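Heads up: the structure comes next, in structure tokens.
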Amino acid sequence: MLNNKAILITGGTGSFGNHFTDYVLRHYKPRKIIIYSRDEFKQFNMRNRLMRHDSVMRYFIGDVRDQARLRRAFDGVDYVIHAAAMKQVPACEYNPNEAIKTNISGAMNVIEAALDMGVKRVVALSTDKAVNPINLYGGTKLVSDKLFIAGNAYAGFNDTRFSIVRYGNVAGSRGSVIPFFRSLVEAGETELPITDFEMTRFWISLEQGVELVIKALGESKGGETFIAKIPSFKITDLAKAILPACTLKEVGIREGEKLHEVMVTKEDSLHTYEYDKHFIVYPHMAWWDERRIVPGGRPVQRGFEYSSGTNNQWLSVSDIETLLKSVIEH
């Protein structure tokens, strides 16, 4: 599917962009992979790491806030993966104007540039925090999701299609709990802080996130939100898997933090289909009709909610210990 295609990744020097690039280079023969980001040092490091692929790789300095630069970068591009965002909750709370410029205005710029330059498919990465948001980061990503879904209404006779891939914190990614716990253990701590003993999260690897994006590129007809079916775990069990002899201290939920991750709300259940390895939430828009439903799925029950707290797949402490062996921090 990606053979002889030009692919651009906004925020391409991040954890996802690096892994997605590696995956595509292993499994396909793309015509070109363009890394679009504003961090020249990260681009320098990525270029050095992938030097043997110089004939395919392109490194484009640019910001999603700059629509003219995006238009230039999108020239001749078939597929765009939009991964650029301000993601740190405290940073977004303290710098709301900047979060809005990147996460909302940047999304608008990507949509406009994709439509103007005839990009075939755009997949935007979303987050569980966009579902019933309680912090600014989640609020900006909710707006971003709505913009990308609505973008399909403006494609006209153009073949451009926009879809969403939603998942929570990736295991081992920057700012997630695994590297935080590991850093405490390396510093000699034997007591690990738990925000709430009842807290749960979904477990998704970068590989699973990349594979879901590939699926979205191949199956999307425009407006879908793809959500992986993945196991849940208790934060207390994660702590025990990282340091079996640890003691646990409950420190209280931080501002903007949820007890459980929710990927599909009860309200979305009316438009959600379940497939073997994922869910798809279809848009409820005038321009969309049921002929766009991907075959092989079935509607979920009315009132269904996909939450890490009520999931039917759970990881035990030993399961987490096994998975941790393959987690490389990014």
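We label chains A, B, ... in the order they appear in the structure tokens, count residues from 1 in each chain, and number ligands from 1 in the order shown.
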
Considering only C-alpha atoms, tabulate each residue of region 92-204 of chain A that lies at most 8 Å from region 64-71 of chain A along with its nearest interatomic pair and the corresponding distance in Å to one decimal; arrange the rows by chain and ascending residue number and present them as a Markdown table.
```
| residue | atom | partner | partner_atom | distance |
| --- | --- | --- | --- | --- |
| A:Lys101 | CA | A:Arg65 | CA | 6.6 |
| A:Thr102 | CA | A:Arg65 | CA | 6.0 |
| A:Ser105 | CA | A:Arg65 | CA | 6.4 |
| A:Gly106 | CA | A:Val64 | CA | 4.7 |
| A:Ala107 | CA | A:Val64 | CA | 7.5 |
| A:Asn109 | CA | A:Gln67 | CA | 5.1 |
| A:Val110 | CA | A:Val64 | CA | 6.8 |
| A:Glu112 | CA | A:Gln67 | CA | 7.8 |
| A:Ala113 | CA | A:Arg71 | CA | 5.0 |
| A:Ala114 | CA | A:Arg71 | CA | 7.5 |
| A:Asp116 | CA | A:Arg71 | CA | 7.6 |
| A:Met117 | CA | A:Arg71 | CA | 6.6 |
```

Using DSSP secondary structure from the backbone, list all helix (DSSP H, G or I) positions within region 222-296 of chain A, as a list in words.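 After running DSSP on the backbone, region 222-296 of chain A has helix (DSSP H, G or I) at Ile235, Thr236, Asp237, Leu238, Ala239, Lys240, Ala241, Ile242, Glu267, Asp268, Ser269, Leu270, His271, Glu290, Arg291 and Arg292 of chain A.
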
Enumerate, in order of chain and increasing residue number, the residues of region 199-276 of chain A with an atom no farther than 9 Å from region 285-295 of chain A, each with its shortest atom pair and distance in Å to one decimal, counting only C-alpha atoms, as JSON lines.
```
{"residue": "A:Glu219", "atom": "CA", "partner": "A:Val294", "partner_atom": "CA", "distance": 7.0}
{"residue": "A:Ser220", "atom": "CA", "partner": "A:Val294", "partner_atom": "CA", "distance": 8.0}
{"residue": "A:Lys221", "atom": "CA", "partner": "A:Arg292", "partner_atom": "CA", "distance": 6.1}
{"residue": "A:Gly222", "atom": "CA", "partner": "A:Arg292", "partner_atom": "CA", "distance": 8.1}
{"residue": "A:Gly223", "atom": "CA", "partner": "A:Trp288", "partner_atom": "CA", "distance": 8.1}
{"residue": "A:Tyr273", "atom": "CA", "partner": "A:Ile293", "partner_atom": "CA", "distance": 8.7}
```

Write out, as a PDB file, in the first residue's frame, the residues just selected, with N, CA, C and O atoms.
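Output saved as result-v7.pdb:
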```pdb
ATOM      1  N   GLU A 219      -7.932   1.634   5.092  1.00  0.00           N
ATOM      2  CA  GLU A 219      -9.372   1.376   5.144  1.00  0.00           C
ATOM      3  C   GLU A 219     -10.241   2.630   5.158  1.00  0.00           C
ATOM      4  O   GLU A 219     -11.430   2.564   4.844  1.00  0.00           O
ATOM      5  N   SER A 220      -9.666   3.750   5.544  1.00  0.00           N
ATOM      6  CA  SER A 220     -10.481   4.941   5.761  1.00  0.00           C
ATOM      7  C   SER A 220     -11.178   5.418   4.486  1.00  0.00           C
ATOM      8  O   SER A 220     -10.571   5.495   3.424  1.00  0.00           O
ATOM      9  N   LYS A 221     -12.454   5.735   4.655  1.00  0.00           N
ATOM     10  CA  LYS A 221     -13.220   6.380   3.589  1.00  0.00           C
ATOM     11  C   LYS A 221     -13.550   7.817   3.964  1.00  0.00           C
ATOM     12  O   LYS A 221     -14.218   8.518   3.229  1.00  0.00           O
ATOM     13  N   GLY A 222     -13.073   8.232   5.159  1.00  0.00           N
ATOM     14  CA  GLY A 222     -13.233   9.614   5.584  1.00  0.00           C
ATOM     15  C   GLY A 222     -14.130   9.771   6.790  1.00  0.00           C
ATOM     16  O   GLY A 222     -15.306   9.393   6.742  1.00  0.00           O
ATOM     17  N   GLY A 223     -13.570  10.290   7.892  1.00  0.00           N
ATOM     18  CA  GLY A 223     -14.371  10.623   9.067  1.00  0.00           C
ATOM     19  C   GLY A 223     -14.329   9.620  10.197  1.00  0.00           C
ATOM     20  O   GLY A 223     -14.895   9.867  11.260  1.00  0.00           O
ATOM     21  N   TYR A 273     -18.658   0.643  15.664  1.00  0.00           N
ATOM     22  CA  TYR A 273     -18.628  -0.755  15.230  1.00  0.00           C
ATOM     23  C   TYR A 273     -17.403  -1.441  15.820  1.00  0.00           C
ATOM     24  O   TYR A 273     -16.335  -0.841  15.940  1.00  0.00           O
TER      25      TYR A 273
END
```

Residue nearest Val80 (chain A) among A:Ala216, A:Leu184, A:Asn169, A:Pro299 (counting only C-alpha atoms):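 Looking at the shortest contact to Val80 (chain A), the residue is A:Ala216.
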
Taking 3 positions as the minimum chain separation for residues in the same chain, which residues sit within 7 Å of region 199-206 of chain A when counting only C-alpha atoms? Answer as a PyMOL selection string. chain A and resi 16+19+168+170-171+196+209-210+230-235+259-261+308-309

Go ahead and dump the residues you just picked, all heavy atoms, as a compact mmCIF listing (two decimals), in the first residue's frame.
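Output below, filename selection.txt:
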```
# COMPACT_ATOMS: atom_id res chain seq x y z
N PHE A 16 6.58 8.48 18.03
CA PHE A 16 5.79 7.84 16.99
C PHE A 16 6.47 7.97 15.64
O PHE A 16 6.55 7.00 14.88
CB PHE A 16 4.38 8.44 16.92
CG PHE A 16 3.57 7.87 15.79
CD1 PHE A 16 2.84 6.71 15.96
CD2 PHE A 16 3.57 8.48 14.53
CE1 PHE A 16 2.12 6.16 14.90
CE2 PHE A 16 2.86 7.95 13.48
CZ PHE A 16 2.13 6.78 13.66
N HIS A 19 9.36 5.56 15.15
CA HIS A 19 8.94 4.15 15.04
C HIS A 19 8.18 3.92 13.74
O HIS A 19 8.36 2.88 13.08
CB HIS A 19 8.08 3.76 16.24
CG HIS A 19 8.05 2.28 16.48
ND1 HIS A 19 8.97 1.63 17.27
CD2 HIS A 19 7.23 1.32 16.00
CE1 HIS A 19 8.71 0.33 17.28
NE2 HIS A 19 7.65 0.12 16.53
N GLY A 168 -4.11 5.96 24.10
CA GLY A 168 -3.62 6.65 25.29
C GLY A 168 -2.12 6.73 25.30
O GLY A 168 -1.46 6.68 24.26
N VAL A 170 1.54 5.79 25.28
CA VAL A 170 2.26 4.63 24.76
C VAL A 170 3.27 4.16 25.81
O VAL A 170 3.96 4.98 26.44
CB VAL A 170 2.98 4.99 23.44
CG1 VAL A 170 3.87 3.83 22.96
CG2 VAL A 170 1.95 5.34 22.38
N ALA A 171 3.38 2.84 25.99
CA ALA A 171 4.30 2.27 26.97
C ALA A 171 5.73 2.75 26.70
O ALA A 171 6.26 2.53 25.62
CB ALA A 171 4.23 0.75 26.93
N ASP A 196 -3.57 7.22 42.64
CA ASP A 196 -4.78 6.64 43.23
C ASP A 196 -4.68 5.13 43.08
O ASP A 196 -4.40 4.63 41.99
CB ASP A 196 -6.04 7.17 42.53
CG ASP A 196 -7.31 6.80 43.27
OD1 ASP A 196 -7.65 5.60 43.31
OD2 ASP A 196 -7.98 7.70 43.81
N GLY A 209 0.41 1.02 17.82
CA GLY A 209 -0.04 2.33 17.36
C GLY A 209 0.26 2.54 15.89
O GLY A 209 -0.59 3.03 15.13
N VAL A 210 1.44 2.14 15.46
CA VAL A 210 1.82 2.27 14.05
C VAL A 210 0.93 1.39 13.17
O VAL A 210 0.45 1.83 12.12
CB VAL A 210 3.31 1.90 13.86
CG1 VAL A 210 3.64 1.73 12.39
CG2 VAL A 210 4.19 2.99 14.48
N ILE A 230 -7.15 -3.19 23.25
CA ILE A 230 -5.91 -3.46 23.97
C ILE A 230 -6.23 -3.76 25.44
O ILE A 230 -7.31 -3.41 25.93
CB ILE A 230 -4.95 -2.26 23.87
CG1 ILE A 230 -5.71 -0.95 24.14
CG2 ILE A 230 -4.25 -2.23 22.52
CD1 ILE A 230 -4.86 0.30 24.03
N PRO A 231 -5.32 -4.40 26.16
CA PRO A 231 -5.59 -4.74 27.56
C PRO A 231 -5.42 -3.56 28.50
O PRO A 231 -4.75 -2.57 28.18
CB PRO A 231 -4.55 -5.82 27.85
CG PRO A 231 -3.42 -5.53 26.92
CD PRO A 231 -4.06 -4.98 25.67
N SER A 232 -6.03 -3.70 29.67
CA SER A 232 -5.88 -2.71 30.74
C SER A 232 -4.93 -3.24 31.81
O SER A 232 -4.65 -4.44 31.88
CB SER A 232 -7.23 -2.43 31.40
OG SER A 232 -8.12 -1.79 30.52
N PHE A 233 -4.44 -2.34 32.64
CA PHE A 233 -3.64 -2.74 33.79
C PHE A 233 -3.87 -1.75 34.92
O PHE A 233 -4.28 -0.60 34.69
CB PHE A 233 -2.15 -2.83 33.45
CG PHE A 233 -1.52 -1.50 33.09
CD1 PHE A 233 -0.88 -0.73 34.05
CD2 PHE A 233 -1.58 -1.01 31.80
CE1 PHE A 233 -0.30 0.49 33.73
CE2 PHE A 233 -1.00 0.21 31.46
CZ PHE A 233 -0.36 0.96 32.43
N LYS A 234 -3.63 -2.20 36.14
CA LYS A 234 -3.69 -1.33 37.30
C LYS A 234 -2.32 -0.69 37.51
O LYS A 234 -1.30 -1.36 37.38
CB LYS A 234 -4.10 -2.11 38.54
CG LYS A 234 -5.51 -2.69 38.48
CD LYS A 234 -5.83 -3.46 39.74
CE LYS A 234 -7.25 -4.03 39.69
NZ LYS A 234 -7.57 -4.81 40.92
N ILE A 235 -2.30 0.59 37.85
CA ILE A 235 -1.04 1.27 38.09
C ILE A 235 -0.29 0.62 39.25
O ILE A 235 0.95 0.52 39.24
CB ILE A 235 -1.26 2.77 38.37
CG1 ILE A 235 -1.91 3.46 37.15
CG2 ILE A 235 0.05 3.46 38.71
CD1 ILE A 235 -1.05 3.45 35.91
N LEU A 259 -9.10 9.04 36.50
CA LEU A 259 -8.93 7.77 37.20
C LEU A 259 -8.80 6.62 36.20
O LEU A 259 -7.98 5.71 36.37
CB LEU A 259 -10.11 7.53 38.13
CG LEU A 259 -9.98 6.37 39.13
CD1 LEU A 259 -8.80 6.59 40.05
CD2 LEU A 259 -11.27 6.22 39.93
N HIS A 260 -9.59 6.67 35.12
CA HIS A 260 -9.56 5.65 34.08
C HIS A 260 -9.51 6.33 32.71
O HIS A 260 -10.01 7.45 32.54
CB HIS A 260 -10.80 4.76 34.15
CG HIS A 260 -11.05 4.16 35.50
ND1 HIS A 260 -10.23 3.21 36.06
CD2 HIS A 260 -12.05 4.40 36.40
CE1 HIS A 260 -10.69 2.88 37.26
NE2 HIS A 260 -11.79 3.59 37.49
N GLU A 261 -8.93 5.65 31.74
CA GLU A 261 -8.94 6.13 30.36
C GLU A 261 -10.22 5.67 29.68
O GLU A 261 -10.62 4.51 29.80
CB GLU A 261 -7.74 5.58 29.58
CG GLU A 261 -6.41 6.18 29.97
CD GLU A 261 -5.26 5.62 29.16
OE1 GLU A 261 -5.40 4.50 28.63
OE2 GLU A 261 -4.22 6.28 29.04
N SER A 308 -10.72 1.83 30.41
CA SER A 308 -9.70 0.98 31.01
C SER A 308 -10.17 0.38 32.33
O SER A 308 -9.64 -0.64 32.77
CB SER A 308 -8.41 1.78 31.23
OG SER A 308 -8.62 2.84 32.14
N GLY A 309 -11.17 0.98 32.94
CA GLY A 309 -11.67 0.48 34.22
C GLY A 309 -12.65 -0.66 34.10
O GLY A 309 -12.85 -1.43 35.05
```

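Atom pair CA of Ile214 (chain A) / CA of Arg58 (chain A) has a distance of 20.2 Å (rounded to one decimal).
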